[in-house]
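J.: Just one file: my_file_34.cif, with mmCIF, C-alpha atoms and all ligand atoms.
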```cif
data_work
#
loop_
_atom_site.label_atom_id
_atom_site.label_comp_id
_atom_site.auth_asym_id
_atom_site.auth_seq_id
_atom_site.Cartn_x
_atom_site.Cartn_y
_atom_site.Cartn_z
CA MET A 1 8.56 -8.55 7.19
CA ILE A 2 7.93 -5.15 8.81
CA GLN A 3 8.90 -4.23 12.36
CA LEU A 4 8.51 -0.86 14.00
CA PHE A 5 10.03 -0.32 17.43
CA HIS A 6 8.98 2.83 19.27
CA VAL A 7 8.80 4.77 16.03
CA CYS A 8 8.05 8.48 16.20
CA LYS A 9 7.55 10.83 13.28
CA GLN A 10 7.43 14.55 13.77
CA TYR A 11 6.88 17.00 10.94
CA ALA A 12 8.30 20.45 11.56
CA GLY A 13 6.17 22.53 13.86
CA ASP A 14 3.24 20.12 14.06
CA ALA A 15 1.97 17.65 16.61
CA PRO A 16 3.72 14.32 16.00
CA ALA A 17 2.24 12.22 13.21
CA LEU A 18 3.38 8.96 14.84
CA VAL A 19 3.99 8.51 18.56
CA ASP A 20 5.91 5.53 19.94
CA VAL A 21 4.51 3.07 17.42
CA SER A 22 5.56 -0.57 17.84
CA VAL A 23 4.01 -2.96 15.35
CA SER A 24 5.22 -6.15 13.76
CA ILE A 25 3.79 -7.56 10.55
CA GLY A 26 4.80 -11.05 9.51
CA LYS A 27 5.36 -12.57 6.10
CA GLY A 28 2.11 -13.46 4.40
CA GLU A 29 -0.13 -11.41 6.69
CA PHE A 30 -3.04 -9.26 5.55
CA VAL A 31 -3.39 -6.25 7.84
CA PHE A 32 -5.73 -3.29 7.86
CA LEU A 33 -4.38 -0.02 9.20
CA THR A 34 -7.27 2.11 10.31
CA GLY A 35 -8.08 5.36 12.09
CA ARG A 36 -9.67 8.62 11.15
CA SER A 37 -8.18 11.17 8.82
CA GLY A 38 -4.94 12.56 10.22
CA ALA A 39 -4.34 9.54 12.48
CA GLY A 40 -1.01 8.77 10.82
CA LYS A 41 -1.87 5.93 8.41
CA SER A 42 -0.23 7.45 5.33
CA THR A 43 2.78 8.52 7.36
CA LEU A 44 3.33 4.95 8.53
CA MET A 45 3.02 3.72 4.94
CA ARG A 46 5.55 6.30 3.70
CA LEU A 47 8.03 5.26 6.37
CA VAL A 48 7.68 1.59 5.39
CA PHE A 49 8.15 2.55 1.73
CA CYS A 50 11.34 4.37 2.75
CA ALA A 51 9.91 7.59 1.34
CA GLU A 52 10.89 9.47 4.49
CA PRO A 53 12.80 8.70 7.66
CA ALA A 54 11.44 8.14 11.15
CA THR A 55 12.32 10.89 13.62
CA SER A 56 13.21 8.28 16.26
CA GLY A 57 12.80 4.60 16.93
CA GLN A 58 13.71 1.75 14.66
CA LEU A 59 12.13 0.43 11.49
CA LEU A 60 13.01 -2.88 9.90
CA VAL A 61 11.71 -3.72 6.44
CA PHE A 62 12.53 -7.24 5.23
CA GLY A 63 14.71 -7.45 8.32
CA ARG A 64 16.82 -4.49 7.26
CA ASN A 65 17.23 -1.40 9.39
CA VAL A 66 16.05 1.25 6.95
CA ALA A 67 17.88 4.13 8.64
CA LYS A 68 21.18 2.30 8.28
CA GLU A 69 20.78 1.28 4.67
CA LYS A 70 22.96 3.04 2.15
CA ARG A 71 20.95 5.43 0.02
CA SER A 72 21.94 3.49 -3.04
CA ARG A 73 20.28 0.37 -1.58
CA ILE A 74 16.88 1.97 -1.05
CA PRO A 75 15.66 1.55 -4.66
CA HIS A 76 16.53 -2.12 -4.37
CA LEU A 77 14.47 -2.44 -1.20
CA ARG A 78 11.57 -0.57 -2.79
CA ARG A 79 11.48 -2.91 -5.74
CA ALA A 80 10.10 -5.57 -3.46
CA ILE A 81 7.24 -3.25 -2.46
CA GLY A 82 4.16 -2.55 -4.58
CA VAL A 83 2.15 0.59 -3.83
CA VAL A 84 -1.43 1.58 -4.56
CA PHE A 85 -2.89 5.01 -3.78
CA GLN A 86 -6.39 6.41 -3.46
CA ASP A 87 -6.01 8.53 -6.59
CA PHE A 88 -4.54 5.76 -8.76
CA LYS A 89 -1.50 7.81 -9.91
CA LEU A 90 -1.45 6.34 -13.41
CA LEU A 91 0.52 8.02 -16.17
CA PRO A 92 -2.16 9.67 -18.34
CA ASP A 93 -0.10 9.78 -21.53
CA ARG A 94 0.68 6.06 -21.49
CA THR A 95 -1.65 3.21 -22.30
CA VAL A 96 -2.89 0.75 -19.72
CA ALA A 97 -0.36 -1.83 -20.91
CA GLU A 98 2.46 0.75 -20.79
CA ASN A 99 1.48 1.81 -17.28
CA VAL A 100 1.59 -1.78 -16.09
CA ALA A 101 4.86 -2.47 -17.91
CA PHE A 102 6.54 0.63 -16.51
CA PRO A 103 8.03 -0.85 -13.31
CA LEU A 104 9.54 -3.71 -15.30
CA GLU A 105 11.00 -1.39 -17.93
CA VAL A 106 12.63 0.68 -15.22
CA ARG A 107 14.31 -2.53 -14.11
CA GLY A 108 15.63 -3.14 -17.58
CA LEU A 109 13.81 -6.40 -18.30
CA ALA A 110 13.81 -7.61 -21.92
CA SER A 111 10.84 -6.22 -23.82
CA LYS A 112 9.46 -9.66 -24.64
CA GLU A 113 9.45 -10.60 -20.96
CA VAL A 114 7.89 -7.24 -20.08
CA ARG A 115 5.06 -7.83 -22.55
CA ARG A 116 4.50 -11.35 -21.30
CA ARG A 117 4.31 -10.36 -17.66
CA ALA A 118 2.25 -7.22 -18.25
CA GLY A 119 -0.20 -9.22 -20.38
CA GLY A 120 -0.50 -11.89 -17.71
CA ILE A 121 -1.17 -9.49 -14.87
CA LEU A 122 -3.71 -7.53 -16.95
CA ARG A 123 -5.59 -10.76 -17.57
CA SER A 124 -5.58 -11.52 -13.87
CA VAL A 125 -7.31 -8.19 -13.14
CA GLY A 126 -9.72 -8.71 -16.03
CA LEU A 127 -8.47 -5.82 -18.17
CA GLU A 128 -6.73 -7.47 -21.09
CA LEU A 129 -9.23 -5.86 -23.47
CA LYS A 130 -8.28 -2.40 -22.20
CA ALA A 131 -4.56 -2.81 -22.75
CA ASP A 132 -4.34 -0.18 -25.50
CA LYS A 133 -6.68 2.35 -23.91
CA PHE A 134 -5.51 5.41 -22.00
CA PRO A 135 -6.26 5.53 -18.25
CA LEU A 136 -8.59 8.52 -18.39
CA SER A 137 -10.94 6.68 -20.75
CA LEU A 138 -11.48 4.02 -18.05
CA SER A 139 -13.85 4.09 -15.09
CA GLY A 140 -12.43 4.75 -11.63
CA GLY A 141 -12.74 1.10 -10.70
CA GLU A 142 -10.90 0.04 -13.84
CA GLN A 143 -8.17 2.62 -13.25
CA GLN A 144 -7.61 1.28 -9.76
CA ARG A 145 -7.40 -2.27 -11.09
CA VAL A 146 -4.71 -1.06 -13.49
CA ALA A 147 -2.90 0.50 -10.54
CA VAL A 148 -3.13 -2.77 -8.63
CA ALA A 149 -1.81 -4.65 -11.67
CA ARG A 150 1.10 -2.20 -11.89
CA ALA A 151 1.82 -2.69 -8.18
CA LEU A 152 1.81 -6.47 -8.54
CA VAL A 153 3.58 -6.89 -11.87
CA GLY A 154 7.01 -7.11 -10.25
CA ASP A 155 5.76 -9.81 -7.89
CA PRO A 156 6.45 -7.76 -4.74
CA ALA A 157 6.90 -9.39 -1.36
CA LEU A 158 4.91 -6.53 0.18
CA LEU A 159 1.94 -4.54 -1.10
CA LEU A 160 1.08 -1.19 0.49
CA ALA A 161 -2.36 0.15 -0.40
CA ASP A 162 -3.25 3.59 0.99
CA GLU A 163 -7.04 4.08 0.94
CA PRO A 164 -7.18 2.10 -2.31
CA THR A 165 -10.97 2.15 -2.39
CA GLY A 166 -11.47 5.70 -1.14
CA ASN A 167 -12.71 6.93 -4.52
CA LEU A 168 -14.75 3.89 -5.49
CA ASP A 169 -18.39 2.86 -5.10
CA PRO A 170 -19.15 -0.26 -3.01
CA GLU A 171 -19.13 -2.70 -5.92
CA ARG A 172 -15.81 -1.45 -7.35
CA THR A 173 -14.47 -1.46 -3.81
CA LEU A 174 -15.10 -5.19 -3.53
CA GLU A 175 -13.48 -5.85 -6.91
CA VAL A 176 -10.31 -4.07 -5.85
CA MET A 177 -10.32 -5.68 -2.40
CA ASP A 178 -10.68 -9.11 -4.01
CA LEU A 179 -7.54 -8.43 -6.04
CA LEU A 180 -5.61 -7.51 -2.90
CA HIS A 181 -6.96 -10.62 -1.25
CA ALA A 182 -5.91 -12.80 -4.18
CA ALA A 183 -2.41 -11.32 -4.08
CA ASN A 184 -2.26 -12.18 -0.39
CA ALA A 185 -3.44 -15.73 -1.10
CA ARG A 186 -0.50 -16.05 -3.52
CA GLY A 187 1.90 -15.10 -0.75
CA THR A 188 2.23 -11.31 -0.88
CA THR A 189 2.12 -9.56 2.48
CA VAL A 190 -0.58 -6.86 2.27
CA LEU A 191 -1.03 -3.71 4.34
CA VAL A 192 -4.17 -1.69 3.56
CA ALA A 193 -4.87 1.72 5.10
CA THR A 194 -8.56 2.48 5.24
CA HIS A 195 -11.05 4.35 7.35
CA ASP A 196 -13.89 2.30 5.83
CA ARG A 197 -15.32 0.26 8.70
CA SER A 198 -17.38 -1.88 6.37
CA LEU A 199 -14.17 -3.35 4.94
CA LEU A 200 -12.93 -4.28 8.40
CA GLU A 201 -16.25 -5.98 9.10
CA ARG A 202 -16.31 -7.80 5.81
CA TYR A 203 -12.80 -9.18 5.63
CA LYS A 204 -12.20 -10.03 9.30
CA LYS A 205 -8.45 -9.54 9.12
CA ARG A 206 -6.03 -8.21 11.67
CA VAL A 207 -6.70 -4.53 12.30
CA VAL A 208 -4.15 -2.04 13.64
CA ALA A 209 -5.94 1.10 14.77
CA LEU A 210 -4.21 4.46 15.06
CA GLU A 211 -5.44 7.52 16.88
CA ARG A 212 -3.47 10.75 16.80
CA GLY A 213 -0.37 8.82 15.86
CA SER A 214 -0.61 6.12 18.52
CA VAL A 215 -1.63 2.49 18.14
CA ILE A 216 -4.79 2.17 20.23
CA ALA A 217 -5.61 -1.41 19.27
CA ASP A 218 -4.08 -4.28 17.35
CA GLY A 219 -5.74 -7.57 16.62
CA ALA A 220 -8.46 -9.48 14.90
CA GLU A 221 -10.85 -8.93 17.78
CA ILE A 222 -11.01 -5.18 17.98
CA ARG A 223 -13.92 -4.92 15.54
CA ARG A 224 -16.13 -6.79 17.95
CA ALA A 225 -14.89 -4.74 20.87
CA GLY A 226 -16.24 -1.73 19.00
CA MET A 227 -12.95 0.11 19.10
CA VAL A 228 -12.90 1.02 15.44
N1 LIG B 301 4.33 16.11 4.67
C1 LIG B 301 3.77 16.53 5.81
N2 LIG B 301 4.15 17.68 6.40
C2 LIG B 301 3.61 18.09 7.57
N3 LIG B 301 2.64 17.42 8.23
C3 LIG B 301 2.22 16.28 7.70
C4 LIG B 301 2.73 15.76 6.46
N4 LIG B 301 2.11 14.60 6.18
C5 LIG B 301 1.23 14.39 7.18
N5 LIG B 301 1.30 15.39 8.10
C6 LIG B 301 0.52 15.46 9.34
O1 LIG B 301 0.71 14.25 10.03
C7 LIG B 301 -0.53 13.81 10.61
C8 LIG B 301 -0.86 12.42 10.09
O2 LIG B 301 -1.18 12.51 8.70
P1 LIG B 301 -1.40 11.27 7.78
O3 LIG B 301 -0.31 10.29 8.01
O4 LIG B 301 -1.61 11.75 6.40
O5 LIG B 301 -2.77 10.65 8.37
P2 LIG B 301 -3.86 9.72 7.67
O6 LIG B 301 -3.25 9.08 6.49
O7 LIG B 301 -4.25 8.76 8.75
O8 LIG B 301 -5.00 10.62 7.31
C9 LIG B 301 -1.56 14.87 10.27
O9 LIG B 301 -1.65 15.74 11.37
C10 LIG B 301 -0.99 15.55 9.07
O10 LIG B 301 -1.40 16.88 9.00
MG MG B 302 -3.86 9.06 4.54
#
```
Show me, as structure tokens, the structure contained in the file I just sent.
T.:
Amino acid sequence: MIQLFHVCKQYAGDAPALVDVSVSIGKGEFVFLTGRSGAGKSTLMRLVFCAEPATSGQLLVFGRNVAKEKRSRIPHLRRAIGVVFQDFKLLPDRTVAENVAFPLEVRGLASKEVRRRAGGILRSVGLELKADKFPLSLSGGEQQRVAVARALVGDPALLLADEPTGNLDPERTLEVMDLLHAANARGTTVLVATHDRSLLERYKKRVVALERGSVIADGAEIRRAGMV
């Protein structure tokens, strides 16, 4: 699903954000990407989302060498990827239902089909009664559930969530994590960046740990080894 081979990312003038990173994530996996602030988590996510190129090394997403893809093919690749961010990134002047429908509208789906799918996914995150509200009238936890619904509405093969619970209290955190978990149970590959150790403890999934841009541990066991 995702393969990085000796990937380096260097922003101009700075220490490298990723150093010789080799990681492989298979179809259907649920993986936590962890490490303290500045470790390179978001950079790795952006590379996988084809938002910026690696400086060196090779990156395959869905088996395709991203650097060699035609630019015109990148939107197509991205359509199979749902993204969730710490700060929700909802459109404030559109209703909850319109936010969730947005990715489908961009794809030119028929409006009846858009409504059907958006309604279904809003029910699955428990927000069907908020469909006509505007995002800023919702709590943070509800806003993030809308963002998760928007990420999942196109039935992506891969979900990238960058500190999705960073702005939420513990209870809302679990609600959002449960949604990511449920998506994974339905077959979506999920990659979650977090520096919240309690999540790693709780969910007992594979953990890839970054430190100053390098992978320092990778596996289900590293929690117990006390490395993160
Ligand atoms: N757009 C950018 N331009 C320059 N430096 C960046 C940029 N994005 C991230 N960095 C640097 O790359 C390193 C890794 O950052 P980041 O991937 O955001 O880490 P994390 O998500 O783990 O906090 C940091 O040193 C950060 O300052
Ligand atoms: Mg980050």
J.: Could you work out how far CA of Leu160 (chain A) lies from CA of Leu210 (chain A), giving the answer in Å with one decimal?
T.: 16.5 Å
J.: Counting only C-alpha atoms, which residues sit no farther than 10 Å from the position (-6.5, 6.6, -11.5) in the file's frame? I'd like them as a PyMOL selection string.
T.: chain A and resi 84-92+135-136+138-147+167
J.: Using all atoms listed in the file, which residue out of A:Gly13, A:Gly219, A:Pro164, A:Gly38 lies closest to ligand LIG 301 (chain B)?
T.: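 Looking only at the distances to ligand LIG 301 (chain B), the closest residue turns out to be A:Gly38.
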J.: Rank A:Ser72, A:Thr55, A:Thr34, A:Thr43 by their smallest atom-to-atom distance to ligand LIG 301 (chain B), using only C-alpha atoms and all ligand atoms, and report the top residue only.
T.: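 Nearest candidate to ligand LIG 301 (chain B) out of A:Ser72, A:Thr55, A:Thr34, A:Thr43: A:Thr43.
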J.: Using all atoms listed in the file, tabulate the residues of chain A lying at most 7 Å from any atom of ligand MG 302 (chain B), each with its closest atom pair and that distance in Å to one decimal, by chain and increasing residue number, as a Markdown table.
T.:
```
| residue | atom | partner | partner_atom | distance |
| --- | --- | --- | --- | --- |
| A:Ser37 | CA | B:MG302 | MG | 6.4 |
| A:Gly38 | CA | B:MG302 | MG | 6.8 |
| A:Gly40 | CA | B:MG302 | MG | 6.9 |
| A:Lys41 | CA | B:MG302 | MG | 5.4 |
| A:Ser42 | CA | B:MG302 | MG | 4.0 |
| A:Asp162 | CA | B:MG302 | MG | 6.5 |
| A:Glu163 | CA | B:MG302 | MG | 6.9 |
```
J.: At what distance in Å, to one decimal, does CA of Leu59 (chain A) lie from CA of Arg71 (chain A)?
T.: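 So the answer is 15.3 Å.
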J.: From the set A:Leu179, A:Leu18, A:Val96, A:Val48, which residue has the shortest atom-to-atom contact distance to ligand LIG 301 (chain B), counting only C-alpha atoms and all ligand atoms?
T.: A:Leu18
J.: Just want the residues within 12 Å of ligand LIG 301 (chain B), written as a PyMOL selection string, counting only C-alpha atoms and all ligand atoms.
T.: chain A and resi 8-19+33-47+51-53+85-86+161-164+166+192-196+208-215
J.: When you look at Val100 (chain A) with a cut-off of 10 Å (counting all atoms listed in the file), what residues show up, excluding the ones that are within fewer than 4 positions of it in the same chain? I need them as a list in words.
T.: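 Close residues of Val100 (chain A): Leu90, Leu91, Arg94, Thr95, Val96, Leu104, Glu105, Val114, Arg115, Arg117, Ala118, Gly119, Ile121, Leu122, Ala131, Val146, Ala147, Val148, Ala149, Arg150, Ala151, Leu152, Val153 and Gly154 of chain A.
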J.: Mind dumping the selected residues with C-alpha atoms as a tab-separated table (two decimals), in the coordinates of the input?
T.:
```tsv
chain	number	residue	atom	x	y	z
A	90	LEU	CA	-1.45	6.34	-13.41
A	91	LEU	CA	0.52	8.02	-16.17
A	94	ARG	CA	0.68	6.06	-21.49
A	95	THR	CA	-1.65	3.21	-22.30
A	96	VAL	CA	-2.89	0.75	-19.72
A	104	LEU	CA	9.54	-3.71	-15.30
A	105	GLU	CA	11.00	-1.39	-17.93
A	114	VAL	CA	7.89	-7.24	-20.08
A	115	ARG	CA	5.06	-7.83	-22.55
A	117	ARG	CA	4.31	-10.36	-17.66
A	118	ALA	CA	2.25	-7.22	-18.25
A	119	GLY	CA	-0.20	-9.22	-20.38
A	121	ILE	CA	-1.17	-9.49	-14.87
A	122	LEU	CA	-3.71	-7.53	-16.95
A	131	ALA	CA	-4.56	-2.81	-22.75
A	146	VAL	CA	-4.71	-1.06	-13.49
A	147	ALA	CA	-2.90	0.50	-10.54
A	148	VAL	CA	-3.13	-2.77	-8.63
A	149	ALA	CA	-1.81	-4.65	-11.67
A	150	ARG	CA	1.10	-2.20	-11.89
A	151	ALA	CA	1.82	-2.69	-8.18
A	152	LEU	CA	1.81	-6.47	-8.54
A	153	VAL	CA	3.58	-6.89	-11.87
A	154	GLY	CA	7.01	-7.11	-10.25
```
J.: Just want the 9 Å neighbourhood of Val23 (chain A), counted on all atoms listed in the file, with same-chain residues fewer than 3 positions away dropped. Output as an mmCIF file with C-alpha atoms, in the coordinates of the input.
T.:
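result-v7.cif, freshly written:
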```cif
data_model
loop_
_atom_site.group_PDB
_atom_site.id
_atom_site.type_symbol
_atom_site.label_atom_id
_atom_site.label_comp_id
_atom_site.auth_asym_id
_atom_site.auth_seq_id
_atom_site.Cartn_x
_atom_site.Cartn_y
_atom_site.Cartn_z
ATOM 1 C CA ILE A 2 7.930 -5.150 8.810
ATOM 2 C CA GLN A 3 8.900 -4.230 12.360
ATOM 3 C CA LEU A 4 8.510 -0.860 14.000
ATOM 4 C CA PHE A 5 10.030 -0.320 17.430
ATOM 5 C CA HIS A 6 8.980 2.830 19.270
ATOM 6 C CA VAL A 208 -4.150 -2.040 13.640
ATOM 7 C CA VAL A 215 -1.630 2.490 18.140
ATOM 8 C CA ASP A 218 -4.080 -4.280 17.350
#
```
J.: One decimal, Å: what's the distance from CA of Ile81 (chain A) over to CA of Leu159 (chain A), could you say?
T.: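 Between CA of Ile81 (chain A) and CA of Leu159 (chain A) the gap works out to 5.6 Å.
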J.: Let me make sure I understand: among A:Val31, A:Val7, A:Ala97, A:Ala182, which one has the smallest atom-to-atom distance to Ala220 (chain A) if we use all atoms listed in the file?
T.: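 The closest residue to Ala220 (chain A) is A:Val31.
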J.: Counting all atoms listed in the file, which of A:Leu109, A:Val190, A:Cys50, A:Leu158 gets nearest to Ala80 (chain A)?
T.: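 Selected residue with least distance to Ala80 (chain A): A:Leu158.
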J.: Which one is closest to Ala157 (chain A): A:Asn184, A:Ser137, A:Ser56, A:Ser24? Count only C-alpha atoms.
T.: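 With only C-alpha atoms as the atom set, the closest residue is A:Asn184.
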J.: Enclose all atoms of region 17-29 of chain A listed in the file in an axis-aligned box, grow every side by 3 Å, and hand back centre and edge lengths in Å to one decimal, as lines of an AutoDock Vina configuration file.
T.:
```
center_x = 2.9
center_y = -0.6
center_z = 12.2
size_x = 12.0
size_y = 31.7
size_z = 21.5
```
J.: Would you list the contacts of Leu77 (chain A) as an mmCIF file with C-alpha atoms, in the frame of the given file, taking every protein, DNA or RNA residue within 10 Å and counting only C-alpha atoms, but skipping same-chain residues closer than 4 positions in sequence?
T.:
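result_1.cif written:
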```
data_model
loop_
_atom_site.group_PDB
_atom_site.id
_atom_site.type_symbol
_atom_site.label_atom_id
_atom_site.label_comp_id
_atom_site.auth_asym_id
_atom_site.auth_seq_id
_atom_site.Cartn_x
_atom_site.Cartn_y
_atom_site.Cartn_z
ATOM 1 C CA PHE A 49 8.150 2.550 1.730
ATOM 2 C CA CYS A 50 11.340 4.370 2.750
ATOM 3 C CA VAL A 61 11.710 -3.720 6.440
ATOM 4 C CA PHE A 62 12.530 -7.240 5.230
ATOM 5 C CA ARG A 64 16.820 -4.490 7.260
ATOM 6 C CA VAL A 66 16.050 1.250 6.950
ATOM 7 C CA GLU A 69 20.780 1.280 4.670
ATOM 8 C CA SER A 72 21.940 3.490 -3.040
ATOM 9 C CA ARG A 73 20.280 0.370 -1.580
ATOM 10 C CA ILE A 81 7.240 -3.250 -2.460
#
```
